[in-house]
file run13.txt (compact mmCIF, C-alpha atoms and all ligand atoms)
# COMPACT_ATOMS: atom_id res chain seq x y z
CA MET T 238 0.00 0.00 0.00
CA LEU T 239 1.40 3.33 -1.06
CA THR T 240 1.62 6.20 1.38
CA LEU T 241 3.40 9.44 0.67
CA ARG T 242 4.69 11.87 3.26
CA LEU T 243 4.10 15.53 2.57
CA ASP T 244 7.83 16.29 2.81
CA GLU T 245 8.51 13.72 0.08
CA ILE T 246 6.72 15.91 -2.47
CA PRO T 247 9.19 18.30 -4.13
CA GLU T 248 8.21 21.83 -5.19
CA GLU T 249 7.92 20.82 -8.83
CA GLY T 250 5.57 17.97 -7.98
CA LEU T 251 5.92 14.24 -8.24
CA ASN T 252 4.96 11.71 -10.89
CA LEU T 253 4.23 8.22 -9.66
CA LYS T 254 3.25 4.98 -11.32
CA TRP T 255 2.53 1.89 -9.28
CA THR T 256 0.80 -1.45 -9.31
CA GLU T 257 -1.23 -3.19 -6.64
CA GLU T 258 -1.60 -6.94 -6.88
CA ARG T 259 -4.99 -8.60 -6.76
CA ALA T 260 -4.72 -10.43 -3.43
CA SER T 261 -3.34 -7.57 -1.35
CA LEU T 262 -5.69 -5.11 -3.02
CA LEU T 263 -8.78 -7.22 -2.34
CA ALA T 264 -7.76 -7.64 1.29
CA TYR T 265 -7.38 -3.89 1.53
CA LEU T 266 -10.68 -3.10 -0.23
CA LYS T 267 -12.46 -5.30 2.28
CA THR T 268 -11.23 -3.08 5.09
CA LEU T 269 -12.87 -0.08 3.38
CA SER T 270 -16.23 -1.42 2.31
CA GLN T 271 -18.26 -4.46 1.43
CA VAL T 272 -16.73 -6.03 -1.67
CA ASP T 273 -19.00 -8.02 -3.98
CA PHE T 274 -16.70 -8.21 -6.96
CA ASP T 275 -13.41 -9.79 -7.86
CA LEU T 276 -10.39 -8.45 -9.72
CA GLU T 277 -9.12 -10.02 -12.92
CA SER T 278 -5.94 -8.04 -13.15
CA PRO T 279 -3.70 -5.91 -10.95
CA LEU T 280 -4.60 -2.28 -10.42
CA LEU T 281 -2.39 0.07 -12.41
CA SER T 282 -2.25 3.61 -11.08
CA GLU T 283 -0.58 6.80 -12.20
CA ALA T 284 -0.63 10.11 -10.43
CA LYS T 285 0.85 13.55 -10.51
CA ILE T 286 0.99 15.13 -7.07
CA TRP T 287 1.64 18.79 -6.26
CA LYS T 288 1.65 20.89 -3.17
CA ALA T 289 -0.46 24.04 -3.33
CA ALA T 290 -0.25 26.13 -0.18
CA GLN T 291 -1.77 23.97 2.58
CA SER T 292 -3.38 21.56 0.16
CA VAL T 293 -2.24 18.77 -2.09
CA LEU T 294 -3.49 18.26 -5.62
CA VAL T 295 -3.65 14.80 -7.12
CA LYS T 296 -4.38 14.13 -10.76
CA GLY T 297 -4.37 10.50 -11.70
CA LYS T 298 -5.57 7.51 -13.60
CA VAL T 299 -6.56 4.00 -12.52
CA GLN T 300 -6.92 0.94 -14.67
CA THR T 301 -7.92 -2.64 -13.96
CA ALA T 302 -10.48 -5.28 -14.89
CA LEU T 303 -13.17 -6.31 -12.46
CA ARG T 304 -15.24 -9.45 -12.34
CA LEU T 305 -18.84 -8.44 -11.64
CA GLN T 306 -22.06 -10.39 -11.36
CA CYS T 307 -24.98 -9.46 -13.62
CA VAL T 308 -28.00 -8.44 -11.53
CA ARG T 309 -30.41 -10.02 -14.03
CA CYS T 310 -28.90 -13.35 -15.13
CA LEU T 311 -26.38 -13.72 -12.27
CA LYS T 312 -23.60 -14.57 -14.71
CA GLU T 313 -20.14 -13.25 -13.94
CA PHE T 314 -18.56 -11.06 -16.54
CA SER T 315 -15.43 -9.04 -17.12
CA TYR T 316 -15.72 -5.29 -16.62
CA PRO T 317 -12.77 -3.22 -17.82
CA LEU T 318 -12.31 -0.16 -15.67
CA SER T 319 -10.33 2.89 -16.63
CA SER T 320 -10.89 6.21 -15.01
CA THR T 321 -9.18 9.54 -14.45
CA PHE T 322 -9.61 11.69 -11.39
CA GLU T 323 -8.60 15.01 -9.88
CA LEU T 324 -8.66 15.61 -6.18
CA THR T 325 -7.80 18.41 -3.81
CA LEU T 326 -6.71 17.18 -0.42
CA HIS T 327 -7.00 19.50 2.52
CA PRO T 328 -5.18 19.01 5.79
CA LEU T 329 -7.51 17.70 8.43
CA LYS T 330 -6.94 19.72 11.59
CA GLU T 331 -9.71 18.30 13.70
CA ALA T 332 -12.67 16.03 13.29
CA PRO T 333 -15.02 17.72 10.82
CA SER T 334 -18.32 18.87 12.23
CA ALA T 335 -21.58 17.46 10.96
CA GLU T 336 -22.05 20.54 8.80
CA GLU T 337 -18.70 20.15 7.14
CA THR T 338 -19.18 16.49 6.33
CA GLU T 339 -22.27 17.36 4.35
CA LEU T 340 -20.31 18.36 1.30
CA GLY T 341 -21.90 20.43 -1.41
CA GLU T 342 -21.86 19.53 -5.09
CA GLN T 343 -18.72 21.53 -5.87
CA GLU T 344 -16.82 20.00 -3.03
CA MET T 345 -17.29 16.41 -4.15
CA GLU T 346 -13.75 16.32 -5.48
CA SER T 347 -12.25 17.33 -2.18
CA SER T 348 -10.86 15.08 0.45
CA PHE T 349 -8.65 15.29 3.50
CA PHE T 350 -5.31 14.07 4.70
CA GLU T 351 -4.09 13.68 8.21
CA GLY T 352 -0.71 13.67 9.92
CA GLY T 353 1.12 14.85 6.80
CA GLU T 354 0.48 11.58 5.01
CA ILE T 355 -1.22 11.02 1.67
CA HIS T 356 -2.67 7.52 1.39
CA LEU T 357 -2.47 7.05 -2.34
CA SER T 358 -3.70 3.48 -2.30
CA GLU T 359 -6.80 4.55 -0.46
CA ILE T 360 -7.42 7.31 -3.00
CA VAL T 361 -7.20 4.98 -6.00
CA CYS T 362 -9.33 2.35 -4.27
CA GLU T 363 -12.06 4.90 -3.75
CA GLN T 364 -11.99 5.50 -7.49
CA ILE T 365 -12.77 1.83 -8.07
CA PHE T 366 -15.81 1.99 -5.80
CA LEU T 367 -16.98 5.12 -7.60
CA GLU T 368 -16.76 3.43 -10.99
CA ILE T 369 -18.65 0.24 -10.18
CA PRO T 370 -22.16 0.33 -11.65
CA VAL T 371 -24.92 0.12 -9.06
CA GLN T 372 -26.76 -2.46 -11.19
CA PRO T 373 -24.12 -4.32 -13.19
CA LEU T 374 -25.40 -5.86 -16.44
CA CYS T 375 -23.49 -8.45 -18.48
CA GLN T 376 -24.86 -6.79 -21.61
CA GLU T 377 -27.26 -3.99 -22.34
CA GLY T 378 -30.71 -5.57 -22.54
CA CYS T 379 -29.78 -8.77 -20.70
CA LYS T 380 -33.00 -10.79 -20.57
CA GLY T 381 -32.24 -12.30 -17.18
CA LEU T 382 -33.50 -15.53 -15.71
CA CYS T 383 -37.07 -16.83 -15.88
CA SER T 384 -38.57 -16.13 -12.48
CA VAL T 385 -40.43 -19.45 -12.61
CA CYS T 386 -38.00 -22.08 -13.92
CA GLY T 387 -34.70 -20.20 -13.80
CA THR T 388 -33.88 -20.61 -17.49
CA ASP T 389 -31.31 -18.11 -18.75
CA LEU T 390 -33.49 -16.27 -21.24
CA ASN T 391 -30.42 -15.01 -23.10
CA LEU T 392 -29.63 -18.59 -24.08
CA SER T 393 -33.06 -20.14 -24.56
CA SER T 394 -36.72 -19.52 -23.93
CA CYS T 395 -39.22 -21.42 -21.82
CA LYS T 396 -42.98 -21.84 -21.77
CA CYS T 397 -43.57 -20.44 -18.31
CA VAL T 398 -46.25 -17.82 -17.81
CA ARG T 399 -44.40 -15.12 -15.95
CA GLU T 400 -45.92 -12.39 -13.83
CA GLU T 401 -44.79 -9.64 -16.18
CA PHE T 402 -47.01 -11.16 -18.91
CA ALA T 403 -49.91 -11.74 -16.55
CA SER T 404 -50.24 -8.08 -15.65
CA GLY T 405 -52.56 -5.67 -17.46
CA PHE T 406 -50.86 -3.92 -20.31
CA SER T 407 -48.51 -6.76 -21.24
CA VAL T 408 -51.46 -9.13 -21.57
CA LEU T 409 -53.23 -6.78 -23.96
CA GLN T 410 -50.06 -6.38 -25.94
CA LYS T 411 -49.64 -10.11 -26.13
CA LEU T 412 -53.25 -10.64 -27.26
CA LYS T 413 -52.81 -8.10 -30.01
CA LEU T 414 -49.68 -9.84 -31.22
CA ASP T 415 -51.40 -13.23 -31.24
ZN ZN W 501 -26.97 -10.79 -17.59
ZN ZN W 502 -39.41 -20.51 -17.27
call {"tool": "encode", "arguments": {"input": "run13.txt", "output": "structure tokens"}}
result
Amino acid sequence: MLTLRLDEIPEEGLNLKWTEERASLLAYLKTLSQVDFDLESPLLSEAKIWKAAQSVLVKGKVQTALRLQCVRCLKEFSYPLSSTFELTLHPLKEAPSAEETELGEQEMESSFFEGGEIHLSEIVCEQIFLEIPVQPLCQEGCKGLCSVCGTDLNLSSCKCVREEFASGFSVLQKLKLD
């Protein structure tokens, strides 16, 4: 895990490029949040870091491939992830009050650092969480599983009468088609 001390950043800034391996990264992610995905490749990160008065600016890029589960058909699929980010880190002098933690829209890209240390691994890991779709789909328009027999409707069809066809409008539509 990569941590940078403030006094390690020269006036002209610092360019870093580093890799985090799958196993150690997953273990780390689990300390931050619930993890319901896997990684298919190491996490490649790049960042330029500058000091600006009391703050630190970080401009970077993360790249990896995740293994996600489709919410409709439950199949696992590969999800390439590549994202750039820009962050302003402010020194944290004391625990922020409730008002301060409620960040406004413009302050979304701000974060804090404490004790003169910049936790770069933590920053790039947060980017992964930000990039994961809330409802991962293996493909746009995945047909999902039959709610009655469990058939993967992307692969074959079944003869079940499903609730979606039994309800009002769909039934009318179906009758018209027949
Ligand atoms: Zn699917
Ligand atoms: Zn079925």
call {"tool": "residues_near_ligand", "arguments": {"input": "run13.txt", "ligand": "ligand ZN 501 (chain W)", "cutoff": "6 Å", "atoms": "all atoms listed in the file", "output": "list in words"}}
result
Cys307, Arg309, Cys310, Lys312, Leu374, Cys375, Cys379 and Gly381 of chain T
call {"tool": "residues_near_ligand", "arguments": {"input": "run13.txt", "ligand": "ligand ZN 502 (chain W)", "cutoff": "9 Å", "atoms": "all atoms listed in the file", "output": "JSON, numbers by chain"}}
result
{"T": [382, 383, 384, 385, 386, 387, 388, 389, 390, 394, 395, 396, 397, 398, 399]}
call {"tool": "closest_residue", "arguments": {"input": "run13.txt", "among": "T:Leu281, T:Leu326, T:Val361, T:Leu318", "to": "Leu266 (chain T)", "atoms": "only C-alpha atoms"}}
result
T:Val361
call {"tool": "atom_distance", "arguments": {"input": "run13.txt", "atom1": "CA of Leu262 (chain T)", "atom2": "CA of Gln306 (chain T)"}}
result
19.1 Å
call {"tool": "axis_aligned_box", "arguments": {"input": "run13.txt", "around": "region 288-307 of chain T", "padding_each_side": "5 Å", "output": "JSON"}}
result
{"center_x": -11.7, "center_y": 7.9, "center_z": -6.2, "size_x": 36.6, "size_y": 46.5, "size_z": 27.5}
call {"tool": "atom_distance", "arguments": {"input": "run13.txt", "atom1": "CA of Phe322 (chain T)", "atom2": "CA of Ile360 (chain T)"}}
result
9.7 Å
call {"tool": "residues_around", "arguments": {"input": "run13.txt", "residues": "Ala260 (chain T)", "least_positions_apart": "6", "cutoff": "10 Å", "atoms": "only C-alpha atoms", "output": "list in words"}}
result
Leu266, Asp275, Leu276 and Pro279 of chain T
